[in-house]
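What follows is the content of model_29.cif, which has mmCIF, C-alpha atoms:
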```
data_upload
loop_
_atom_site.group_PDB
_atom_site.id
_atom_site.type_symbol
_atom_site.label_atom_id
_atom_site.label_comp_id
_atom_site.auth_asym_id
_atom_site.auth_seq_id
_atom_site.Cartn_x
_atom_site.Cartn_y
_atom_site.Cartn_z
ATOM 1 C CA MET A 367 -9.744 -19.116 -9.842
ATOM 2 C CA THR A 368 -12.445 -21.184 -11.469
ATOM 3 C CA ASP A 369 -15.779 -20.068 -12.849
ATOM 4 C CA SER A 370 -18.684 -19.950 -10.383
ATOM 5 C CA ARG A 371 -20.628 -22.543 -12.383
ATOM 6 C CA GLU A 372 -17.908 -25.085 -11.631
ATOM 7 C CA LEU A 373 -17.886 -24.174 -7.957
ATOM 8 C CA ASN A 374 -21.597 -24.366 -7.360
ATOM 9 C CA GLY A 375 -23.101 -26.412 -10.158
ATOM 10 C CA PRO A 376 -26.154 -25.380 -12.240
ATOM 11 C CA SER A 377 -28.766 -26.157 -9.587
ATOM 12 C CA SER A 378 -27.006 -25.977 -6.196
ATOM 13 C CA PRO A 379 -27.228 -22.938 -3.904
ATOM 14 C CA ARG A 380 -24.223 -20.714 -3.528
ATOM 15 C CA ARG A 381 -22.362 -21.514 -0.334
ATOM 16 C CA GLY A 382 -20.624 -18.917 1.739
ATOM 17 C CA VAL A 383 -17.042 -18.694 2.932
ATOM 18 C CA THR A 384 -16.207 -16.666 6.042
ATOM 19 C CA VAL A 385 -12.679 -15.276 6.454
ATOM 20 C CA VAL A 386 -11.455 -14.447 9.973
ATOM 21 C CA THR A 387 -8.282 -12.344 10.093
ATOM 22 C CA LEU A 388 -5.827 -11.936 12.946
ATOM 23 C CA GLY A 389 -2.652 -9.891 12.964
ATOM 24 C CA CYS A 390 -1.138 -7.230 10.751
ATOM 25 C CA LYS A 391 -2.263 -5.187 7.756
ATOM 26 C CA VAL A 392 -0.491 -7.652 5.459
ATOM 27 C CA ASN A 393 -2.811 -10.379 6.727
ATOM 28 C CA GLN A 394 -5.759 -8.044 6.213
ATOM 29 C CA ALA A 395 -4.689 -7.388 2.627
ATOM 30 C CA GLU A 396 -4.236 -11.111 1.934
ATOM 31 C CA SER A 397 -7.659 -11.878 3.382
ATOM 32 C CA GLU A 398 -9.296 -9.221 1.231
ATOM 33 C CA ASP A 399 -7.557 -10.614 -1.832
ATOM 34 C CA LEU A 400 -8.907 -14.071 -0.929
ATOM 35 C CA ARG A 401 -12.431 -12.666 -0.551
ATOM 36 C CA SER A 402 -12.067 -10.953 -3.924
ATOM 37 C CA GLN A 403 -11.068 -14.221 -5.621
ATOM 38 C CA LEU A 404 -13.938 -16.125 -4.023
ATOM 39 C CA PHE A 405 -16.420 -13.367 -4.877
ATOM 40 C CA ALA A 406 -15.323 -13.449 -8.519
ATOM 41 C CA ALA A 407 -15.887 -17.215 -8.514
ATOM 42 C CA GLY A 408 -19.470 -16.848 -7.305
ATOM 43 C CA CYS A 409 -19.057 -17.480 -3.574
ATOM 44 C CA ASP A 410 -20.949 -15.538 -0.940
ATOM 45 C CA VAL A 411 -18.228 -13.916 1.182
ATOM 46 C CA GLU A 412 -20.584 -12.094 3.539
ATOM 47 C CA GLY A 413 -23.359 -14.618 4.122
ATOM 48 C CA ASP A 414 -24.481 -16.507 7.213
ATOM 49 C CA ALA A 415 -24.275 -20.056 5.862
ATOM 50 C CA PRO A 416 -20.581 -20.779 5.282
ATOM 51 C CA VAL A 417 -19.408 -24.080 3.933
ATOM 52 C CA ALA A 418 -15.974 -23.168 5.260
ATOM 53 C CA ILE A 419 -14.402 -20.721 7.685
ATOM 54 C CA VAL A 420 -10.868 -19.559 6.917
ATOM 55 C CA VAL A 421 -8.729 -18.396 9.847
ATOM 56 C CA ASN A 422 -5.797 -16.276 8.623
ATOM 57 C CA SER A 423 -3.381 -16.642 11.523
ATOM 58 C CA CYS A 424 -0.636 -14.643 13.215
ATOM 59 C CA CYS A 425 2.354 -15.768 15.285
ATOM 60 C CA VAL A 426 4.172 -12.547 16.158
ATOM 61 C CA THR A 427 3.610 -12.968 19.925
ATOM 62 C CA VAL A 428 2.502 -15.680 22.337
ATOM 63 C CA ASP A 429 -0.728 -13.747 22.831
ATOM 64 C CA ALA A 430 -1.304 -13.722 19.064
ATOM 65 C CA GLU A 431 -0.937 -17.506 18.963
ATOM 66 C CA ARG A 432 -3.422 -17.852 21.813
ATOM 67 C CA LYS A 433 -5.925 -15.705 19.915
ATOM 68 C CA VAL A 434 -5.514 -17.859 16.800
ATOM 69 C CA ARG A 435 -6.315 -21.066 18.692
ATOM 70 C CA LYS A 436 -9.280 -19.365 20.318
ATOM 71 C CA ALA A 437 -10.524 -18.250 16.879
ATOM 72 C CA VAL A 438 -10.201 -21.803 15.539
ATOM 73 C CA ARG A 439 -12.171 -23.258 18.452
ATOM 74 C CA ARG A 440 -14.837 -20.588 18.027
ATOM 75 C CA ALA A 441 -15.061 -21.361 14.305
ATOM 76 C CA LEU A 442 -15.484 -25.065 15.058
ATOM 77 C CA ALA A 443 -18.358 -24.265 17.406
ATOM 78 C CA ALA A 444 -20.074 -21.610 15.279
ATOM 79 C CA HIS A 445 -22.281 -21.549 12.204
ATOM 80 C CA GLY A 446 -22.280 -25.317 11.676
ATOM 81 C CA ALA A 447 -19.566 -24.970 9.030
ATOM 82 C CA PRO A 448 -18.074 -28.413 8.349
ATOM 83 C CA HIS A 449 -14.577 -27.163 7.507
ATOM 84 C CA VAL A 450 -12.206 -24.753 9.253
ATOM 85 C CA ILE A 451 -9.174 -23.893 7.127
ATOM 86 C CA VAL A 452 -6.219 -22.387 8.997
ATOM 87 C CA THR A 453 -3.590 -20.535 6.984
ATOM 88 C CA GLY A 454 -1.065 -17.779 7.607
ATOM 89 C CA CYS A 455 2.022 -17.463 9.764
ATOM 90 C CA LEU A 456 1.133 -19.817 12.624
ATOM 91 C CA ALA A 457 0.023 -22.439 10.108
ATOM 92 C CA SER A 458 3.569 -22.287 8.695
ATOM 93 C CA LEU A 459 5.143 -22.837 12.101
ATOM 94 C CA ASP A 460 2.769 -25.172 13.948
ATOM 95 C CA ALA A 461 0.635 -27.077 11.460
ATOM 96 C CA GLU A 462 0.552 -30.181 13.646
ATOM 97 C CA GLY A 463 -0.587 -28.294 16.738
ATOM 98 C CA LEU A 464 -3.371 -26.522 14.863
ATOM 99 C CA ALA A 465 -4.584 -29.729 13.205
ATOM 100 C CA ALA A 466 -4.860 -31.297 16.671
ATOM 101 C CA LEU A 467 -7.548 -28.761 17.614
ATOM 102 C CA GLY A 468 -10.229 -30.769 15.785
ATOM 103 C CA GLY A 469 -10.942 -33.303 13.093
ATOM 104 C CA ARG A 470 -12.581 -30.657 10.885
ATOM 105 C CA VAL A 471 -9.486 -28.432 10.885
ATOM 106 C CA LEU A 472 -7.570 -28.278 7.600
ATOM 107 C CA VAL A 473 -4.167 -26.571 7.855
ATOM 108 C CA GLU A 474 -2.891 -24.922 4.664
ATOM 109 C CA PRO A 475 0.332 -22.963 5.249
ATOM 110 C CA ASP A 476 0.403 -21.752 1.629
ATOM 111 C CA LYS A 477 -2.211 -18.991 1.322
ATOM 112 C CA GLU A 478 -2.080 -19.237 -2.466
ATOM 113 C CA ARG A 479 -3.576 -22.726 -2.217
ATOM 114 C CA VAL A 480 -6.541 -21.778 -0.039
ATOM 115 C CA PRO A 481 -8.863 -20.944 -2.994
ATOM 116 C CA GLU A 482 -8.098 -24.349 -4.503
ATOM 117 C CA THR A 483 -8.820 -26.041 -1.162
ATOM 118 C CA ILE A 484 -12.195 -24.281 -0.981
ATOM 119 C CA ARG A 485 -12.867 -25.138 -4.611
ATOM 120 C CA GLU A 486 -12.383 -28.830 -3.823
ATOM 121 C CA ILE A 487 -14.715 -28.599 -0.807
ATOM 122 C CA LEU A 488 -17.425 -26.980 -2.921
ATOM 123 C CA ARG A 489 -16.920 -29.375 -5.821
ATOM 124 C CA ARG A 490 -17.467 -32.373 -3.537
ATOM 125 C CA GLY A 491 -20.713 -30.829 -2.303
ATOM 126 C CA ALA A 492 -21.865 -29.857 1.156
ATOM 127 C CA PRO A 493 -21.601 -32.675 3.714
ATOM 128 C CA THR A 494 -24.655 -33.877 5.583
ATOM 129 C CA SER A 495 -23.801 -31.654 8.555
ATOM 130 C CA LEU A 496 -24.522 -28.592 6.429
ATOM 131 C CA ALA A 497 -27.901 -29.794 5.179
ATOM 132 C CA SER A 498 -29.825 -28.093 7.971
ATOM 133 C CA VAL A 499 -28.129 -24.707 7.514
ATOM 134 C CA PRO A 500 -30.572 -22.305 5.822
ATOM 135 C CA VAL A 501 -29.570 -20.564 2.629
ATOM 136 C CA SER A 502 -30.679 -16.972 2.219
ATOM 137 C CA PRO A 503 -33.412 -16.399 -0.391
ATOM 138 C CA GLY A 504 -32.071 -15.380 -3.731
ATOM 139 C CA GLU A 505 -28.736 -17.154 -3.453
ATOM 140 C CA GLY A 506 -28.012 -18.977 -6.663
ATOM 141 C CA SER A 507 -25.272 -20.091 -8.983
ATOM 142 C CA ALA A 508 -25.296 -17.196 -11.418
ATOM 143 C CA ALA A 509 -21.891 -15.814 -12.334
ATOM 144 C CA ARG A 510 -21.039 -12.244 -11.438
ATOM 145 C CA ALA A 511 -21.930 -9.564 -13.931
ATOM 146 C CA PRO A 512 -19.003 -8.577 -16.184
ATOM 147 C CA GLY A 513 -16.866 -5.990 -14.462
ATOM 148 C CA GLU A 514 -18.523 -6.450 -11.069
ATOM 149 C CA ALA A 515 -15.866 -6.034 -8.406
ATOM 150 C CA TYR A 516 -15.676 -6.919 -4.749
ATOM 151 C CA SER A 517 -14.908 -3.959 -2.511
ATOM 152 C CA PRO A 518 -14.164 -4.450 1.190
ATOM 153 C CA SER A 519 -14.778 -0.791 1.991
ATOM 154 C CA ARG A 520 -15.943 2.402 0.341
ATOM 155 C CA THR A 521 -13.256 4.261 2.248
ATOM 156 C CA ARG A 522 -10.000 2.326 2.585
ATOM 157 C CA ALA A 523 -8.545 -1.100 1.779
ATOM 158 C CA ALA A 524 -5.119 -2.683 2.318
ATOM 159 C CA VAL A 525 -3.102 -3.640 -0.767
ATOM 160 C CA LYS A 526 -0.106 -5.952 -0.304
ATOM 161 C CA ILE A 527 2.884 -4.888 -2.390
ATOM 162 C CA GLN A 528 5.672 -6.801 -0.612
ATOM 163 C CA ASP A 529 6.220 -9.832 1.614
ATOM 164 C CA GLY A 530 9.013 -11.334 3.681
ATOM 165 C CA CYS A 531 12.141 -9.974 5.345
ATOM 166 C CA ASP A 532 15.751 -10.984 5.928
ATOM 167 C CA ALA A 533 16.765 -8.363 8.489
ATOM 168 C CA GLY A 534 17.218 -11.056 11.147
ATOM 169 C CA CYS A 535 16.115 -8.964 14.143
ATOM 170 C CA ALA A 536 16.578 -11.041 17.299
ATOM 171 C CA TYR A 537 13.047 -10.393 18.562
ATOM 172 C CA CYS A 538 11.200 -11.159 15.301
ATOM 173 C CA ILE A 539 9.945 -14.503 14.022
ATOM 174 C CA VAL A 540 8.484 -13.096 10.779
ATOM 175 C CA PRO A 541 11.402 -14.140 8.503
ATOM 176 C CA THR A 542 10.952 -17.727 9.719
ATOM 177 C CA ALA A 543 7.213 -17.632 9.071
ATOM 178 C CA ARG A 544 7.190 -15.659 5.814
ATOM 179 C CA GLY A 545 10.621 -16.150 4.289
ATOM 180 C CA GLY A 546 12.869 -13.636 2.550
ATOM 181 C CA PRO A 547 11.850 -10.364 0.882
ATOM 182 C CA ARG A 548 9.908 -10.489 -2.370
ATOM 183 C CA SER A 549 7.746 -7.948 -4.159
ATOM 184 C CA VAL A 550 4.379 -8.108 -5.876
ATOM 185 C CA PRO A 551 4.893 -7.253 -9.570
ATOM 186 C CA ALA A 552 4.111 -3.603 -10.245
ATOM 187 C CA HIS A 553 1.490 -4.389 -12.900
ATOM 188 C CA GLU A 554 -0.348 -6.630 -10.404
ATOM 189 C CA VAL A 555 -0.367 -3.838 -7.811
ATOM 190 C CA VAL A 556 -1.852 -1.455 -10.397
ATOM 191 C CA GLU A 557 -4.462 -4.057 -11.365
ATOM 192 C CA ARG A 558 -5.432 -4.569 -7.714
ATOM 193 C CA VAL A 559 -5.777 -0.829 -7.111
ATOM 194 C CA ARG A 560 -7.877 -0.462 -10.260
ATOM 195 C CA SER A 561 -10.133 -3.305 -9.091
ATOM 196 C CA LEU A 562 -10.665 -1.672 -5.704
ATOM 197 C CA ALA A 563 -11.419 1.662 -7.339
ATOM 198 C CA ALA A 564 -13.952 -0.037 -9.641
ATOM 199 C CA GLY A 565 -15.667 -1.364 -6.516
ATOM 200 C CA GLY A 566 -15.865 2.112 -5.024
ATOM 201 C CA THR A 567 -12.921 2.083 -2.620
ATOM 202 C CA ALA A 568 -11.465 5.566 -2.319
ATOM 203 C CA GLU A 569 -8.062 4.772 -0.824
ATOM 204 C CA GLY A 570 -5.571 1.932 -1.129
ATOM 205 C CA VAL A 571 -3.176 1.449 1.788
ATOM 206 C CA LEU A 572 0.050 -0.027 0.394
ATOM 207 C CA THR A 573 1.443 -2.478 2.898
ATOM 208 C CA GLY A 574 3.995 -5.234 3.329
ATOM 209 C CA VAL A 575 6.357 -6.814 5.812
ATOM 210 C CA ASN A 576 9.251 -4.549 4.769
ATOM 211 C CA VAL A 577 7.763 -2.090 2.268
ATOM 212 C CA GLY A 578 10.972 -0.134 1.783
ATOM 213 C CA ARG A 579 12.558 -3.211 0.163
ATOM 214 C CA TYR A 580 10.097 -3.025 -2.739
ATOM 215 C CA ARG A 581 11.752 -3.836 -6.086
ATOM 216 C CA SER A 582 9.819 -4.864 -9.201
ATOM 217 C CA GLU A 583 10.011 -4.334 -12.954
ATOM 218 C CA GLY A 584 12.856 -1.868 -12.548
ATOM 219 C CA LEU A 585 10.969 0.173 -9.960
ATOM 220 C CA GLU A 586 11.741 0.918 -6.351
ATOM 221 C CA LEU A 587 9.073 2.139 -3.922
ATOM 222 C CA SER A 588 9.110 5.743 -5.107
ATOM 223 C CA GLY A 589 8.760 4.573 -8.722
ATOM 224 C CA LEU A 590 5.758 2.414 -7.831
ATOM 225 C CA LEU A 591 4.094 5.393 -6.161
ATOM 226 C CA ARG A 592 4.593 7.532 -9.264
ATOM 227 C CA LEU A 593 3.187 4.729 -11.436
ATOM 228 C CA LEU A 594 0.072 4.472 -9.253
ATOM 229 C CA ASP A 595 -0.294 8.244 -9.166
ATOM 230 C CA ALA A 596 -0.292 8.345 -12.965
ATOM 231 C CA THR A 597 -3.324 6.039 -13.136
ATOM 232 C CA GLY A 598 -5.450 8.593 -11.272
ATOM 233 C CA VAL A 599 -7.823 5.887 -10.046
ATOM 234 C CA THR A 600 -7.578 6.262 -6.272
ATOM 235 C CA ARG A 601 -5.595 7.697 -3.400
ATOM 236 C CA GLY A 602 -2.566 5.777 -2.201
ATOM 237 C CA ARG A 603 -1.242 5.681 1.366
ATOM 238 C CA LEU A 604 1.982 4.110 2.609
ATOM 239 C CA THR A 605 2.427 2.050 5.737
ATOM 240 C CA ARG A 606 5.346 0.368 7.544
ATOM 241 C CA VAL A 607 8.388 2.032 5.989
ATOM 242 C CA GLU A 608 11.483 1.372 8.124
ATOM 243 C CA PRO A 609 13.423 4.534 9.053
ATOM 244 C CA GLY A 610 16.436 3.478 6.968
ATOM 245 C CA HIS A 611 14.260 3.283 3.850
ATOM 246 C CA VAL A 612 12.857 6.820 4.093
ATOM 247 C CA THR A 613 15.041 8.218 1.305
ATOM 248 C CA ASP A 614 15.167 11.654 -0.323
ATOM 249 C CA ALA A 615 13.559 10.126 -3.431
ATOM 250 C CA LEU A 616 10.664 8.783 -1.373
ATOM 251 C CA VAL A 617 10.079 12.112 0.389
ATOM 252 C CA GLU A 618 10.201 13.971 -2.939
ATOM 253 C CA THR A 619 7.725 11.516 -4.424
ATOM 254 C CA LEU A 620 5.296 11.977 -1.536
ATOM 255 C CA ALA A 621 5.508 15.728 -2.043
ATOM 256 C CA ALA A 622 5.098 15.572 -5.822
ATOM 257 C CA CYS A 623 2.306 13.002 -6.269
ATOM 258 C CA SER A 624 -1.154 14.463 -5.697
ATOM 259 C CA GLY A 625 -2.696 11.000 -5.539
ATOM 260 C CA VAL A 626 -0.397 9.808 -2.756
ATOM 261 C CA CYS A 627 -1.182 10.891 0.790
ATOM 262 C CA PRO A 628 1.694 12.784 2.482
ATOM 263 C CA HIS A 629 1.762 10.223 5.278
ATOM 264 C CA LEU A 630 4.279 7.712 6.596
ATOM 265 C CA HIS A 631 3.816 4.969 9.166
ATOM 266 C CA VAL A 632 7.331 4.464 10.508
ATOM 267 C CA PRO A 633 7.675 1.443 12.847
ATOM 268 C CA LEU A 634 10.035 2.117 15.746
ATOM 269 C CA GLN A 635 11.000 -0.974 17.754
#
```

What does this structure look like when you write it as structure tokens?
Amino acid sequence: MTDSRELNGPSSPRRGVTVVTLGCKVNQAESEDLRSQLFAAGCDVEGDAPVAIVVNSCCVTVDAERKVRKAVRRALAAHGAPHVIVTGCLASLDAEGLAALGGRVLVEPDKERVPETIREILRRGAPTSLASVPVSPGEGSAARAPGEAYSPSRTRAAVKIQDGCDAGCAYCIVPTARGGPRSVPAHEVVERVRSLAAGGTAEGVLTGVNVGRYRSEGLELSGLLRLLDATGVTRGRLTRVEPGHVTDALVETLAACSGVCPHLHVPLQ
């Protein structure tokens, strides 16, 4: 992500970016990671004068799709933000349909590219339609203080460690929307947990589409838990472990690691 001086310029006010999240804990974790990147680049991620609204979408049910379209329409009508960026699962499956909701809708199926899209919007400057939106006193272009971290909560935050699935369940569209299983590198997970702890978050909820398939840097899920436990920086909690992936090694790890909550969220469908 670029430096805040490039995003905002030496004399322009900082512009906010609002992130609206629908769907699962993986979406929540990805949205928080986006907010963290934007915060580090000098954006206001909690302000009332957004230059863009990001809708992180879901497609797991027909009702979820309806809620996404409703959220996009609401974003177009609210705040006076000139750009509504739609990303996430439904953006991967129905980009054309979402784009048809309005001329100010930008569809970006690749979540990794959303910060760059926002960077380009901010670099071009706020359009005329944003000129009348007030900017809160004190907003400026100063970079964040060294070591200053964004924290979504003092209590608990989702941390994505895995994405995708290839189980091919007849009822599930997730593999089509998210692709096959892949894991976040272990050192990146540790870095994310450390960042949250630096911001005051007490507990990191490790989540993914199929968490039990975690494999990275020679570690399986139980090895990642032991690695995180050794850092001593925060509590860890697991979510969404399929019954077939609850192994003896995982149970032993949960019992042995003081920094890992003895808790399992086992999805039964």

Within 6 Å of range 575-589 of chain A using only C-alpha atoms, minus same-chain residues under 6 positions, as a tab-separated table (two decimals) with C-alpha atoms, keeping the file's coordinate frame:
```
chain	number	residue	atom	x	y	z
A	528	GLN	CA	5.67	-6.80	-0.61
A	529	ASP	CA	6.22	-9.83	1.61
A	530	GLY	CA	9.01	-11.33	3.68
A	549	SER	CA	7.75	-7.95	-4.16
A	551	PRO	CA	4.89	-7.25	-9.57
A	552	ALA	CA	4.11	-3.60	-10.24
A	607	VAL	CA	8.39	2.03	5.99
A	611	HIS	CA	14.26	3.28	3.85
A	616	LEU	CA	10.66	8.78	-1.37
A	619	THR	CA	7.72	11.52	-4.42
```

Go through A:Val571, A:Leu590, A:Ile527, A:Ala615 one by one, measure the shortest atom-to-atom distance of each to Leu630 in chain A using all atoms listed in the file, and give the residue with the smallest value. A:Val571

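Candidate residues A:Val540, A:Ala441, A:Cys390, A:Cys623 were compared for distance to Leu459 in chain A, and the nearest is A:Val540, using all atoms listed in the file.
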
To one decimal place in Å, what is the distance between CA of Thr387 in chain A and CA of Val421 in chain A? 6.1 Å

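Comparing A:Ala418, A:Ala524, A:Val471, A:Ile539 by their smallest distance to Cys455 in chain A, the closest is A:Ile539 (using all atoms listed in the file).
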
For the provided coordinates, the residues matched by the PyMOL selection byres ((chain A and resi 602) around 8) should be stated as number ranges by chain. A: 569-572, 591, 594-595, 600-601, 603-604, 625-627

Between CA of Cys535 in chain A and CA of Glu608 in chain A - distance in Å to one decimal: 12.8 Å

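One distance worth recording is that between CA of Cys424 in chain A and CA of Ala457 in chain A, which is 8.4 Å.
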
Around all listed atoms of range 615-630 of chain A, padded 4 Å per side, what centre and edge lengths does the axis-aligned box have in Å to one decimal, as lines of an AutoDock Vina configuration file?
```
center_x = 5.4
center_y = 11.7
center_z = 0.2
size_x = 24.3
size_y = 16.0
size_z = 20.9
```

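Candidate residues A:Arg548, A:Arg489, A:Arg560, A:Arg522 were compared for distance to Gln394 in chain A, and the nearest is A:Arg522, using all atoms listed in the file.
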
Residue with smallest distance to Lys477 in chain A - pool A:Thr453, A:Leu404, A:Val632, A:Ala563, counting only C-alpha atoms: A:Thr453

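Proximity of A:Ala466, A:Val525, A:Ala430, A:Val438 to Val392 in chain A, computed with only C-alpha atoms, is greatest for A:Val525.
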
Spell out the residues picked by the PyMOL selection byres ((chain A and resi 476) around 9) here, as a ChimeraX atom specification. /A:453-454,457-458,474-475,477-480

Evaluated on this file, the PyMOL selection byres ((chain A and resi 385) around 6) picks out some residues - which ones are they, written as a PyMOL selection string? chain A and resi 384+386+419-420

Excluding same-chain residues fewer than 3 positions from Lys433 in chain A, what lies within 12 Å of it counting all atoms listed in the file, as a ChimeraX atom specification? /A:386-389,421-430,436-440,456
